[in-house]
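Worksheet for the structure shown next.
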Amino acid sequence: MTAFFEELGQIWQWVWDNIFYINIILAFVIVFFQRRDPKAVWTWLLALYFLPIVGFILYLLICQDYRKQKMFHVKDVEDTLSRMVARQEELLIDEWDWLDDPILEEYADLAVYNLETGGAVYTRGNDIQIFTDGVEKFADLRQEIKKAKKYIHLQYYIIRNDSVFGEIRKLLMEKAQEGVEVRILYDAMGCRMMPPWVIREMKNAGVKVAVFFPAVLKWFQVRVNYRNHRKIVVIDGRVGYVGGFNIGEEYISRNQKFGYWRDTHLKLWGPSVIGLQMRFALDWNFAAKENLFRQIRYFEDMPSGREADKGIQIIASGPDSSSQEIRDNYLRLMHKAKHHIYIQTPYFIPDESILSALTIAARSGVDVRLMIPCKPDHPFVYWATYSYVWDLLEAGARCYTYENGFLHAKMVTADGLVACCGTANMDIRSFQLNFEVNAVIYDRETTRELEQAFLEDMKQSREITKDIYNQRTLKVRMKEQISRLLSPLL
């Protein structure tokens with residue numbers, strides 16, 4: 001044993017004596033063997049400089065996915081199928097669909113972009129219910145689960161093994177025993193603390209369960225990127241849910257750390273539900289290796305049973321896509337806005353294009369308002385978010401911190417006409433690294449309802465003025481600068 005430690009010490013001494021040359025080689029690998037954003041590369045090189053070797057190990061754990069090309073190859077085939085289906089459905093969009101709606105006439109270019117880039121079909125005949133409170137959302141979800149006759153498809157990033165999921169799990173197992181097809185898809189990182197016995201219990205009851213990017217070492221995830229951040233529920237093809245709420249007690253405001261949980265979730269009726277179903281099917285096919293596209297019954301247009309004619313496109317983005325579709329939708333709404341832009345997001349770490357679009361809009365007289373949380377759930381992300389507030393204030397935008405608990409809503413609205421709402425935060429991770437899904441809503445009534453909720457939240461928020469921002473302590477300024485420097489990694 002003594003000889004082993006002596007040999008280990010000699011190896012360490014050799015590494016220490018040659019640390020300069022080793023760092024050069026590792027830096028060469030980072031710069032020349034990975035196509036990454038230049039700012040992210042410089043950040044990692046800085047980490048390598050201050051944390052020799054350790055910085056490179058962190059780079060491998062956080063930024064690399066050795067199986068990415070192999071894993072996404074199958075997913076690319078499925079995405080191609082999705083686009084083929086979308087092209088066929090494009091034939092259903094007649095010219096009058098574009099011309100009899102002044103909102104579509106204004107935003108036709110955005111709808112075409114979503115169709116051509118992501119195969120997102122524009123649908124009409126939809127209805128929407130907005131949930132901003134978790135208690136109401138989960139009560140409604142439980143009622144719809146009880147009504148299920150054919151199938152329940154449920155996908156969440158985080159599922160806590162607590163009372164909220166306990167009630168839902170019981171209903172799902174009962175439905176499976178009745179012969180209803182029940183599928184649950186969850187992300188391995190978001191649900192890393194889920195006890196194995198819970199999964200076994202559901203499977204024994206007839207529930208089909210699949211995990212997205214399963215952990216190699218059970219609870220320990222060696223990679224934090226490429227997470228499936230989507231929250232989708234589709235029941236019988238009749239109704240669908242998408243938005244910010246995960247499943248857990250904090251989402252019904254039972255966690256003292258966060259207090260009241262303010263989020264935004266959408267309940268959809270009509271043909272837009274097929275868009276959610278297709279996105280679930282693509283993810284399920286990849287994770288469970290079960291091709292749901294072979295059964296047309298999952299994609300049949302079900303009557304909504306509601307008198308409404310709202311336009312919706314379901315858009316998605318992720319590291320398997322060559323474009324950043326959700327980011328581009330946010331960007332297009334910002335460029336087209338003439339009167340106002342309202343944004344709610346828990347994390348505001350914009351890339352240069354988003355930051356530039358907002359500052360240009362504000363300087364052009366557009367009423368730009370940003371609302372972020374008053375407390376962090378991820379400290380580095382929070383302080384990086386706060387650091388970008390000054391850029392907007394300097395351009396003339398107005399910024400607020402929500403003081404009535406924790407703000408988790410992800411929403412952008414423009415001029416009371418169009419909204420983009422779903423699972424994607426306003427940050428680089430959501431734009432590039434996570435799998436996300438949003439609904440683009442071409443409807444004045446729904447958009448104004450979302451904006452009215454924003455204005456009501458302002459009453460429980462604190463406006464950050466230039467004077468208030470300049471009164472930050474030295475400690476806070478240091479946190480901001482360090483976090484902003486690390487923002488390409490967050």
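Letters A, B, ... mark the chains of the structure tokens in the order given; residue numbers begin at 1 per chain; ligand numbers begin at 1, in order shown.
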
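The protein and nucleic acid residues lying at most 8 Å from Met426 (chain A) are Arg327, Thr345, Pro346, Tyr347, Phe348, Ile349, Pro350 and Lys410 of chain A, with only C-alpha atoms considered and sequence neighbours fewer than 6 positions away removed.
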
Check: Which residues, written as a PyMOL selection string, have at least one atom at most 10 Å from Leu331 (chain A), with only C-alpha atoms counted and residues fewer than 3 positions away on the same chain left out?
Finding: chain A and resi 325-328+334-336+353-358+412

Limited to N, CA, C and O atoms, could you put the picked residues into a file as a PDB file, in the first residue's frame?
```
ATOM      1  N   GLU A 325     -35.790  27.329 -32.589  1.00  0.00           N
ATOM      2  CA  GLU A 325     -37.093  27.810 -33.019  1.00  0.00           C
ATOM      3  C   GLU A 325     -37.802  28.647 -31.964  1.00  0.00           C
ATOM      4  O   GLU A 325     -38.408  29.672 -32.287  1.00  0.00           O
ATOM      5  N   ILE A 326     -37.752  28.226 -30.716  1.00  0.00           N
ATOM      6  CA  ILE A 326     -38.435  29.002 -29.678  1.00  0.00           C
ATOM      7  C   ILE A 326     -37.754  30.346 -29.488  1.00  0.00           C
ATOM      8  O   ILE A 326     -38.409  31.383 -29.377  1.00  0.00           O
ATOM      9  N   ARG A 327     -36.410  30.345 -29.474  1.00  0.00           N
ATOM     10  CA  ARG A 327     -35.680  31.608 -29.377  1.00  0.00           C
ATOM     11  C   ARG A 327     -36.056  32.517 -30.544  1.00  0.00           C
ATOM     12  O   ARG A 327     -36.290  33.728 -30.364  1.00  0.00           O
ATOM     13  N   ASP A 328     -36.129  31.957 -31.739  1.00  0.00           N
ATOM     14  CA  ASP A 328     -36.440  32.756 -32.922  1.00  0.00           C
ATOM     15  C   ASP A 328     -37.858  33.314 -32.864  1.00  0.00           C
ATOM     16  O   ASP A 328     -38.133  34.407 -33.377  1.00  0.00           O
ATOM     17  N   MET A 334     -40.465  40.236 -30.688  1.00  0.00           N
ATOM     18  CA  MET A 334     -39.829  41.466 -30.219  1.00  0.00           C
ATOM     19  C   MET A 334     -39.599  42.441 -31.360  1.00  0.00           C
ATOM     20  O   MET A 334     -39.801  43.650 -31.219  1.00  0.00           O
ATOM     21  N   HIS A 335     -39.187  41.925 -32.518  1.00  0.00           N
ATOM     22  CA  HIS A 335     -38.925  42.803 -33.668  1.00  0.00           C
ATOM     23  C   HIS A 335     -40.205  43.396 -34.240  1.00  0.00           C
ATOM     24  O   HIS A 335     -40.203  44.522 -34.741  1.00  0.00           O
ATOM     25  N   LYS A 336     -41.319  42.638 -34.170  1.00  0.00           N
ATOM     26  CA  LYS A 336     -42.559  43.100 -34.791  1.00  0.00           C
ATOM     27  C   LYS A 336     -43.403  43.974 -33.880  1.00  0.00           C
ATOM     28  O   LYS A 336     -44.320  44.658 -34.345  1.00  0.00           O
ATOM     29  N   SER A 353     -28.621  38.378 -29.581  1.00  0.00           N
ATOM     30  CA  SER A 353     -29.730  38.746 -30.463  1.00  0.00           C
ATOM     31  C   SER A 353     -30.966  39.149 -29.667  1.00  0.00           C
ATOM     32  O   SER A 353     -31.633  40.141 -29.998  1.00  0.00           O
ATOM     33  N   ILE A 354     -31.289  38.410 -28.604  1.00  0.00           N
ATOM     34  CA  ILE A 354     -32.445  38.739 -27.776  1.00  0.00           C
ATOM     35  C   ILE A 354     -32.225  40.058 -27.049  1.00  0.00           C
ATOM     36  O   ILE A 354     -33.105  40.934 -27.022  1.00  0.00           O
ATOM     37  N   LEU A 355     -31.058  40.217 -26.458  1.00  0.00           N
ATOM     38  CA  LEU A 355     -30.766  41.458 -25.727  1.00  0.00           C
ATOM     39  C   LEU A 355     -30.798  42.649 -26.662  1.00  0.00           C
ATOM     40  O   LEU A 355     -31.338  43.714 -26.322  1.00  0.00           O
ATOM     41  N   SER A 356     -30.254  42.486 -27.847  1.00  0.00           N
ATOM     42  CA  SER A 356     -30.251  43.573 -28.827  1.00  0.00           C
ATOM     43  C   SER A 356     -31.671  43.911 -29.266  1.00  0.00           C
ATOM     44  O   SER A 356     -32.037  45.093 -29.372  1.00  0.00           O
ATOM     45  N   ALA A 357     -32.503  42.894 -29.511  1.00  0.00           N
ATOM     46  CA  ALA A 357     -33.884  43.137 -29.942  1.00  0.00           C
ATOM     47  C   ALA A 357     -34.661  43.912 -28.891  1.00  0.00           C
ATOM     48  O   ALA A 357     -35.425  44.836 -29.218  1.00  0.00           O
ATOM     49  N   LEU A 358     -34.469  43.568 -27.623  1.00  0.00           N
ATOM     50  CA  LEU A 358     -35.200  44.246 -26.553  1.00  0.00           C
ATOM     51  C   LEU A 358     -34.712  45.684 -26.363  1.00  0.00           C
ATOM     52  O   LEU A 358     -35.522  46.597 -26.163  1.00  0.00           O
ATOM     53  N   VAL A 412     -44.096  35.415 -23.309  1.00  0.00           N
ATOM     54  CA  VAL A 412     -43.803  36.651 -24.042  1.00  0.00           C
ATOM     55  C   VAL A 412     -45.063  37.022 -24.809  1.00  0.00           C
ATOM     56  O   VAL A 412     -45.648  36.184 -25.505  1.00  0.00           O
TER      57      VAL A 412
END
```

Checklist line | Distance query Asn291 (chain A) at most 8 Å, only C-alpha atoms, self and fewer than 5 positions along chain excluded, as an MDAnalysis selection string | finding: chainID A and resid 281 284:285

For the structure I just gave you, how does DSSP split region 149-341 of chain A - specifically, which residues are strand (DSSP E or B)? Reply as a PDB file with N, CA, C and O atoms, in the first residue's frame.
```pdb
ATOM      1  N   TYR A 151     -56.783   6.797 -23.644  1.00  0.00           N
ATOM      2  CA  TYR A 151     -55.364   6.853 -23.274  1.00  0.00           C
ATOM      3  C   TYR A 151     -55.044   8.154 -22.538  1.00  0.00           C
ATOM      4  O   TYR A 151     -55.755   9.167 -22.654  1.00  0.00           O
ATOM      5  N   ILE A 152     -53.960   8.091 -21.770  1.00  0.00           N
ATOM      6  CA  ILE A 152     -53.419   9.251 -21.057  1.00  0.00           C
ATOM      7  C   ILE A 152     -51.917   9.278 -21.320  1.00  0.00           C
ATOM      8  O   ILE A 152     -51.210   8.317 -20.998  1.00  0.00           O
ATOM      9  N   HIS A 153     -51.441  10.347 -21.911  1.00  0.00           N
ATOM     10  CA  HIS A 153     -50.011  10.526 -22.152  1.00  0.00           C
ATOM     11  C   HIS A 153     -49.524  11.691 -21.300  1.00  0.00           C
ATOM     12  O   HIS A 153     -50.006  12.818 -21.451  1.00  0.00           O
ATOM     13  N   LEU A 154     -48.585  11.402 -20.431  1.00  0.00           N
ATOM     14  CA  LEU A 154     -48.135  12.385 -19.441  1.00  0.00           C
ATOM     15  C   LEU A 154     -46.617  12.480 -19.463  1.00  0.00           C
ATOM     16  O   LEU A 154     -45.927  11.461 -19.364  1.00  0.00           O
ATOM     17  N   GLN A 155     -46.093  13.690 -19.608  1.00  0.00           N
ATOM     18  CA  GLN A 155     -44.649  13.931 -19.676  1.00  0.00           C
ATOM     19  C   GLN A 155     -44.290  15.154 -18.836  1.00  0.00           C
ATOM     20  O   GLN A 155     -44.840  16.234 -19.040  1.00  0.00           O
ATOM     21  N   TYR A 156     -43.341  14.981 -17.900  1.00  0.00           N
ATOM     22  CA  TYR A 156     -42.896  16.093 -17.058  1.00  0.00           C
ATOM     23  C   TYR A 156     -41.392  16.012 -16.841  1.00  0.00           C
ATOM     24  O   TYR A 156     -40.814  14.916 -16.825  1.00  0.00           O
ATOM     25  N   ILE A 159     -40.964  15.210 -11.413  1.00  0.00           N
ATOM     26  CA  ILE A 159     -42.083  14.566 -10.722  1.00  0.00           C
ATOM     27  C   ILE A 159     -41.590  14.211  -9.334  1.00  0.00           C
ATOM     28  O   ILE A 159     -40.702  13.366  -9.167  1.00  0.00           O
ATOM     29  N   GLU A 181     -55.030   3.124 -21.750  1.00  0.00           N
ATOM     30  CA  GLU A 181     -53.584   3.133 -21.950  1.00  0.00           C
ATOM     31  C   GLU A 181     -52.985   4.338 -21.221  1.00  0.00           C
ATOM     32  O   GLU A 181     -53.392   5.470 -21.462  1.00  0.00           O
ATOM     33  N   VAL A 182     -52.023   4.094 -20.358  1.00  0.00           N
ATOM     34  CA  VAL A 182     -51.389   5.170 -19.593  1.00  0.00           C
ATOM     35  C   VAL A 182     -49.890   5.113 -19.836  1.00  0.00           C
ATOM     36  O   VAL A 182     -49.257   4.066 -19.631  1.00  0.00           O
ATOM     37  N   ARG A 183     -49.334   6.231 -20.287  1.00  0.00           N
ATOM     38  CA  ARG A 183     -47.895   6.337 -20.505  1.00  0.00           C
ATOM     39  C   ARG A 183     -47.354   7.532 -19.736  1.00  0.00           C
ATOM     40  O   ARG A 183     -47.927   8.628 -19.800  1.00  0.00           O
ATOM     41  N   ILE A 184     -46.253   7.327 -19.030  1.00  0.00           N
ATOM     42  CA  ILE A 184     -45.581   8.396 -18.294  1.00  0.00           C
ATOM     43  C   ILE A 184     -44.136   8.470 -18.777  1.00  0.00           C
ATOM     44  O   ILE A 184     -43.414   7.465 -18.771  1.00  0.00           O
ATOM     45  N   LEU A 185     -43.732   9.648 -19.194  1.00  0.00           N
ATOM     46  CA  LEU A 185     -42.350   9.891 -19.619  1.00  0.00           C
ATOM     47  C   LEU A 185     -41.760  10.961 -18.717  1.00  0.00           C
ATOM     48  O   LEU A 185     -42.347  12.033 -18.557  1.00  0.00           O
ATOM     49  N   TYR A 186     -40.610  10.667 -18.118  1.00  0.00           N
ATOM     50  CA  TYR A 186     -39.982  11.654 -17.235  1.00  0.00           C
ATOM     51  C   TYR A 186     -38.499  11.762 -17.543  1.00  0.00           C
ATOM     52  O   TYR A 186     -37.890  10.855 -18.121  1.00  0.00           O
ATOM     53  N   ASP A 187     -37.914  12.884 -17.145  1.00  0.00           N
ATOM     54  CA  ASP A 187     -36.492  13.119 -17.365  1.00  0.00           C
ATOM     55  C   ASP A 187     -35.681  12.554 -16.201  1.00  0.00           C
ATOM     56  O   ASP A 187     -36.042  12.741 -15.029  1.00  0.00           O
ATOM     57  N   LYS A 208     -47.359   2.241 -18.459  1.00  0.00           N
ATOM     58  CA  LYS A 208     -46.102   2.206 -19.199  1.00  0.00           C
ATOM     59  C   LYS A 208     -45.257   3.411 -18.797  1.00  0.00           C
ATOM     60  O   LYS A 208     -45.746   4.547 -18.835  1.00  0.00           O
ATOM     61  N   VAL A 209     -44.008   3.156 -18.416  1.00  0.00           N
ATOM     62  CA  VAL A 209     -43.129   4.219 -17.921  1.00  0.00           C
ATOM     63  C   VAL A 209     -41.836   4.206 -18.727  1.00  0.00           C
ATOM     64  O   VAL A 209     -41.257   3.139 -18.979  1.00  0.00           O
ATOM     65  N   ALA A 210     -41.376   5.386 -19.136  1.00  0.00           N
ATOM     66  CA  ALA A 210     -40.110   5.509 -19.852  1.00  0.00           C
ATOM     67  C   ALA A 210     -39.342   6.697 -19.285  1.00  0.00           C
ATOM     68  O   ALA A 210     -39.929   7.665 -18.786  1.00  0.00           O
ATOM     69  N   VAL A 211     -38.022   6.620 -19.368  1.00  0.00           N
ATOM     70  CA  VAL A 211     -37.165   7.674 -18.832  1.00  0.00           C
ATOM     71  C   VAL A 211     -36.336   8.258 -19.965  1.00  0.00           C
ATOM     72  O   VAL A 211     -35.815   7.532 -20.814  1.00  0.00           O
ATOM     73  N   PHE A 212     -36.230   9.558 -19.989  1.00  0.00           N
ATOM     74  CA  PHE A 212     -35.470  10.270 -21.020  1.00  0.00           C
ATOM     75  C   PHE A 212     -34.034  10.448 -20.545  1.00  0.00           C
ATOM     76  O   PHE A 212     -33.784  11.037 -19.495  1.00  0.00           O
ATOM     77  N   LEU A 217     -25.421   6.020 -13.422  1.00  0.00           N
ATOM     78  CA  LEU A 217     -25.145   5.613 -12.044  1.00  0.00           C
ATOM     79  C   LEU A 217     -26.336   5.919 -11.132  1.00  0.00           C
ATOM     80  O   LEU A 217     -26.209   6.603 -10.124  1.00  0.00           O
ATOM     81  N   PHE A 220     -26.915   9.477  -9.578  1.00  0.00           N
ATOM     82  CA  PHE A 220     -25.854  10.428  -9.928  1.00  0.00           C
ATOM     83  C   PHE A 220     -25.799  10.626 -11.435  1.00  0.00           C
ATOM     84  O   PHE A 220     -25.570   9.682 -12.192  1.00  0.00           O
ATOM     85  N   ASN A 228     -34.763  16.910 -20.891  1.00  0.00           N
ATOM     86  CA  ASN A 228     -36.091  17.106 -21.456  1.00  0.00           C
ATOM     87  C   ASN A 228     -36.918  17.916 -20.472  1.00  0.00           C
ATOM     88  O   ASN A 228     -37.405  17.399 -19.465  1.00  0.00           O
ATOM     89  N   ILE A 232     -45.987  18.003 -20.860  1.00  0.00           N
ATOM     90  CA  ILE A 232     -47.077  17.754 -21.811  1.00  0.00           C
ATOM     91  C   ILE A 232     -48.019  16.705 -21.225  1.00  0.00           C
ATOM     92  O   ILE A 232     -47.567  15.698 -20.677  1.00  0.00           O
ATOM     93  N   VAL A 233     -49.306  16.960 -21.352  1.00  0.00           N
ATOM     94  CA  VAL A 233     -50.316  15.940 -21.049  1.00  0.00           C
ATOM     95  C   VAL A 233     -51.307  15.932 -22.209  1.00  0.00           C
ATOM     96  O   VAL A 233     -51.773  16.997 -22.642  1.00  0.00           O
ATOM     97  N   VAL A 234     -51.621  14.762 -22.717  1.00  0.00           N
ATOM     98  CA  VAL A 234     -52.664  14.598 -23.740  1.00  0.00           C
ATOM     99  C   VAL A 234     -53.586  13.479 -23.284  1.00  0.00           C
ATOM    100  O   VAL A 234     -53.127  12.376 -22.946  1.00  0.00           O
ATOM    101  N   ILE A 235     -54.879  13.758 -23.262  1.00  0.00           N
ATOM    102  CA  ILE A 235     -55.869  12.779 -22.802  1.00  0.00           C
ATOM    103  C   ILE A 235     -56.892  12.545 -23.901  1.00  0.00           C
ATOM    104  O   ILE A 235     -57.628  13.464 -24.288  1.00  0.00           O
ATOM    105  N   VAL A 239     -58.050  16.727 -25.108  1.00  0.00           N
ATOM    106  CA  VAL A 239     -57.578  17.875 -24.342  1.00  0.00           C
ATOM    107  C   VAL A 239     -56.089  17.716 -24.082  1.00  0.00           C
ATOM    108  O   VAL A 239     -55.577  16.584 -23.982  1.00  0.00           O
ATOM    109  N   GLY A 240     -55.376  18.833 -24.007  1.00  0.00           N
ATOM    110  CA  GLY A 240     -53.944  18.794 -23.758  1.00  0.00           C
ATOM    111  C   GLY A 240     -53.522  19.897 -22.798  1.00  0.00           C
ATOM    112  O   GLY A 240     -54.221  20.904 -22.644  1.00  0.00           O
ATOM    113  N   TYR A 241     -52.385  19.692 -22.151  1.00  0.00           N
ATOM    114  CA  TYR A 241     -51.830  20.677 -21.227  1.00  0.00           C
ATOM    115  C   TYR A 241     -50.370  20.937 -21.595  1.00  0.00           C
ATOM    116  O   TYR A 241     -49.630  20.014 -21.949  1.00  0.00           O
ATOM    117  N   VAL A 242     -49.941  22.194 -21.461  1.00  0.00           N
ATOM    118  CA  VAL A 242     -48.534  22.548 -21.655  1.00  0.00           C
ATOM    119  C   VAL A 242     -48.264  23.823 -20.866  1.00  0.00           C
ATOM    120  O   VAL A 242     -49.117  24.704 -20.762  1.00  0.00           O
ATOM    121  N   GLY A 243     -47.071  23.906 -20.279  1.00  0.00           N
ATOM    122  CA  GLY A 243     -46.744  25.111 -19.519  1.00  0.00           C
ATOM    123  C   GLY A 243     -45.614  24.892 -18.546  1.00  0.00           C
ATOM    124  O   GLY A 243     -44.758  24.022 -18.741  1.00  0.00           O
ATOM    125  N   ILE A 247     -44.702  18.506 -11.425  1.00  0.00           N
ATOM    126  CA  ILE A 247     -45.536  17.840 -10.431  1.00  0.00           C
ATOM    127  C   ILE A 247     -44.781  17.781  -9.104  1.00  0.00           C
ATOM    128  O   ILE A 247     -43.730  17.159  -8.990  1.00  0.00           O
ATOM    129  N   TRP A 261     -46.314  29.929  -5.417  1.00  0.00           N
ATOM    130  CA  TRP A 261     -45.694  29.589  -6.699  1.00  0.00           C
ATOM    131  C   TRP A 261     -46.560  30.136  -7.824  1.00  0.00           C
ATOM    132  O   TRP A 261     -47.648  29.660  -8.083  1.00  0.00           O
ATOM    133  N   ARG A 262     -46.042  31.154  -8.496  1.00  0.00           N
ATOM    134  CA  ARG A 262     -46.776  31.790  -9.605  1.00  0.00           C
ATOM    135  C   ARG A 262     -46.245  31.258 -10.931  1.00  0.00           C
ATOM    136  O   ARG A 262     -45.089  31.453 -11.280  1.00  0.00           O
ATOM    137  N   ASP A 263     -47.090  30.562 -11.645  1.00  0.00           N
ATOM    138  CA  ASP A 263     -46.686  29.946 -12.905  1.00  0.00           C
ATOM    139  C   ASP A 263     -47.769  30.175 -13.948  1.00  0.00           C
ATOM    140  O   ASP A 263     -48.826  30.748 -13.641  1.00  0.00           O
ATOM    141  N   THR A 264     -47.517  29.723 -15.160  1.00  0.00           N
ATOM    142  CA  THR A 264     -48.514  29.815 -16.224  1.00  0.00           C
ATOM    143  C   THR A 264     -48.579  28.489 -16.958  1.00  0.00           C
ATOM    144  O   THR A 264     -47.547  27.971 -17.407  1.00  0.00           O
ATOM    145  N   HIS A 265     -49.783  27.946 -17.071  1.00  0.00           N
ATOM    146  CA  HIS A 265     -50.006  26.676 -17.764  1.00  0.00           C
ATOM    147  C   HIS A 265     -51.238  26.823 -18.645  1.00  0.00           C
ATOM    148  O   HIS A 265     -52.182  27.542 -18.289  1.00  0.00           O
ATOM    149  N   LEU A 266     -51.236  26.147 -19.769  1.00  0.00           N
ATOM    150  CA  LEU A 266     -52.342  26.234 -20.721  1.00  0.00           C
ATOM    151  C   LEU A 266     -53.043  24.890 -20.842  1.00  0.00           C
ATOM    152  O   LEU A 266     -52.398  23.840 -20.889  1.00  0.00           O
ATOM    153  N   LYS A 267     -54.361  24.942 -20.905  1.00  0.00           N
ATOM    154  CA  LYS A 267     -55.182  23.778 -21.234  1.00  0.00           C
ATOM    155  C   LYS A 267     -55.759  24.027 -22.623  1.00  0.00           C
ATOM    156  O   LYS A 267     -56.374  25.070 -22.864  1.00  0.00           O
ATOM    157  N   LEU A 268     -55.554  23.081 -23.536  1.00  0.00           N
ATOM    158  CA  LEU A 268     -55.946  23.273 -24.928  1.00  0.00           C
ATOM    159  C   LEU A 268     -57.019  22.281 -25.344  1.00  0.00           C
ATOM    160  O   LEU A 268     -56.990  21.114 -24.941  1.00  0.00           O
ATOM    161  N   TRP A 269     -57.953  22.752 -26.147  1.00  0.00           N
ATOM    162  CA  TRP A 269     -58.918  21.911 -26.844  1.00  0.00           C
ATOM    163  C   TRP A 269     -58.762  22.164 -28.335  1.00  0.00           C
ATOM    164  O   TRP A 269     -58.395  23.274 -28.737  1.00  0.00           O
ATOM    165  N   LYS A 310     -59.577  29.811 -32.036  1.00  0.00           N
ATOM    166  CA  LYS A 310     -58.298  30.449 -31.742  1.00  0.00           C
ATOM    167  C   LYS A 310     -57.171  29.758 -32.497  1.00  0.00           C
ATOM    168  O   LYS A 310     -57.136  28.535 -32.598  1.00  0.00           O
ATOM    169  N   GLY A 311     -56.256  30.572 -33.037  1.00  0.00           N
ATOM    170  CA  GLY A 311     -55.144  30.047 -33.803  1.00  0.00           C
ATOM    171  C   GLY A 311     -53.967  29.688 -32.914  1.00  0.00           C
ATOM    172  O   GLY A 311     -53.565  30.479 -32.058  1.00  0.00           O
ATOM    173  N   ILE A 312     -53.389  28.493 -33.127  1.00  0.00           N
ATOM    174  CA  ILE A 312     -52.282  28.016 -32.292  1.00  0.00           C
ATOM    175  C   ILE A 312     -51.291  27.245 -33.164  1.00  0.00           C
ATOM    176  O   ILE A 312     -51.688  26.502 -34.073  1.00  0.00           O
ATOM    177  N   GLN A 313     -50.015  27.404 -32.874  1.00  0.00           N
ATOM    178  CA  GLN A 313     -48.975  26.515 -33.378  1.00  0.00           C
ATOM    179  C   GLN A 313     -48.198  25.963 -32.192  1.00  0.00           C
ATOM    180  O   GLN A 313     -47.840  26.721 -31.288  1.00  0.00           O
ATOM    181  N   ILE A 314     -47.947  24.669 -32.195  1.00  0.00           N
ATOM    182  CA  ILE A 314     -47.112  24.046 -31.165  1.00  0.00           C
ATOM    183  C   ILE A 314     -45.689  23.960 -31.712  1.00  0.00           C
ATOM    184  O   ILE A 314     -45.441  23.285 -32.723  1.00  0.00           O
ATOM    185  N   ILE A 315     -44.771  24.652 -31.083  1.00  0.00           N
ATOM    186  CA  ILE A 315     -43.388  24.674 -31.549  1.00  0.00           C
ATOM    187  C   ILE A 315     -42.488  24.014 -30.509  1.00  0.00           C
ATOM    188  O   ILE A 315     -42.802  23.987 -29.325  1.00  0.00           O
ATOM    189  N   ALA A 316     -41.386  23.477 -30.976  1.00  0.00           N
ATOM    190  CA  ALA A 316     -40.456  22.795 -30.076  1.00  0.00           C
ATOM    191  C   ALA A 316     -39.033  23.099 -30.504  1.00  0.00           C
ATOM    192  O   ALA A 316     -38.764  23.446 -31.654  1.00  0.00           O
ATOM    193  N   SER A 317     -38.117  22.968 -29.554  1.00  0.00           N
ATOM    194  CA  SER A 317     -36.704  23.145 -29.873  1.00  0.00           C
ATOM    195  C   SER A 317     -35.889  22.274 -28.940  1.00  0.00           C
ATOM    196  O   SER A 317     -36.372  21.804 -27.909  1.00  0.00           O
ATOM    197  N   HIS A 340     -46.130  47.326 -27.253  1.00  0.00           N
ATOM    198  CA  HIS A 340     -45.576  46.835 -25.992  1.00  0.00           C
ATOM    199  C   HIS A 340     -45.140  45.375 -26.095  1.00  0.00           C
ATOM    200  O   HIS A 340     -45.640  44.613 -26.930  1.00  0.00           O
ATOM    201  N   ILE A 341     -44.212  45.010 -25.218  1.00  0.00           N
ATOM    202  CA  ILE A 341     -43.723  43.642 -25.057  1.00  0.00           C
ATOM    203  C   ILE A 341     -43.701  43.343 -23.567  1.00  0.00           C
ATOM    204  O   ILE A 341     -43.068  44.069 -22.801  1.00  0.00           O
TER     205      ILE A 341
END
```

Check: In region 421-480 of chain A, what's alpha helix (DSSP H) per DSSP? Answer as a list of chain:residue names?
Finding: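 Reading the DSSP output for region 421-480 of chain A, alpha helix (DSSP H) covers A:Ile428, A:Arg444, A:Glu445, A:Thr446, A:Thr447, A:Arg448, A:Glu449, A:Leu450, A:Glu451, A:Gln452, A:Ala453, A:Phe454, A:Leu455, A:Glu456, A:Asp457, A:Met458, A:Lys466, A:Asp467, A:Ile468, A:Tyr469, A:Asn470, A:Leu474, A:Lys475, A:Val476, A:Arg477, A:Met478, A:Lys479, A:Glu480.
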
Checklist line | Distance in Å - CA of Leu292 (chain A) versus CA of Cys420 (chain A) | finding: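 These two atoms are separated by 27.5 Å.
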
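The residue that comes closest to Asp283 (chain A), out of A:Leu392, A:Cys374, A:Cys399, A:Val437 and on the basis of only C-alpha atoms, is A:Val437.
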
Check: Just how far from CA of Met173 (chain A) is CA of Asn204 (chain A), in Å to one decimal?
Finding: 9.0 Å

Could you make a table, as CSV, of the residues of region 341-371 of chain A that have an atom within 12 Å of an atom of region 439-452 of chain A, each with its nearest atom pair and distance in Å to one decimal, counting only C-alpha atoms, in chain and number order?
```
residue,atom,partner,partner_atom,distance
A:Ile341,CA,A:Glu451,CA,9.5
A:Tyr342,CA,A:Glu451,CA,7.2
A:Ile343,CA,A:Glu451,CA,9.3
A:Gln344,CA,A:Glu451,CA,10.1
A:Arg369,CA,A:Glu451,CA,10.9
A:Met371,CA,A:Glu451,CA,11.9
```

Check: So how many Å separate CA of His229 (chain A) and CA of Asn434 (chain A), to one decimal?
Finding: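 Distance between the two atoms: 6.1 Å.
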
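Counting only C-alpha atoms, the residue from A:Cys421, A:Ile252, A:Ala188, A:Ile168 that sits nearest to Tyr226 (chain A) is A:Ala188.
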
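You can rank A:Lys147, A:Arg472, A:Arg230, A:Lys175 by their closest distance to Asn438 (chain A) using only C-alpha atoms, and at the top of that list sits A:Arg230.
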
Notebook entry, point to check: With only C-alpha atoms as the atoms that count, which of A:Asp320, A:Glu300, A:Glu106, A:Glu167 lies nearest to Glu436 (chain A)?
Noted result: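 Going through A:Asp320, A:Glu300, A:Glu106, A:Glu167 one by one, the smallest distance to Glu436 (chain A) is for A:Asp320.
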
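Proximity ranking of A:Asp391, A:Glu116, A:Glu352, A:Asp162 relative to Glu250 (chain A) places A:Asp162 first, based on only C-alpha atoms.
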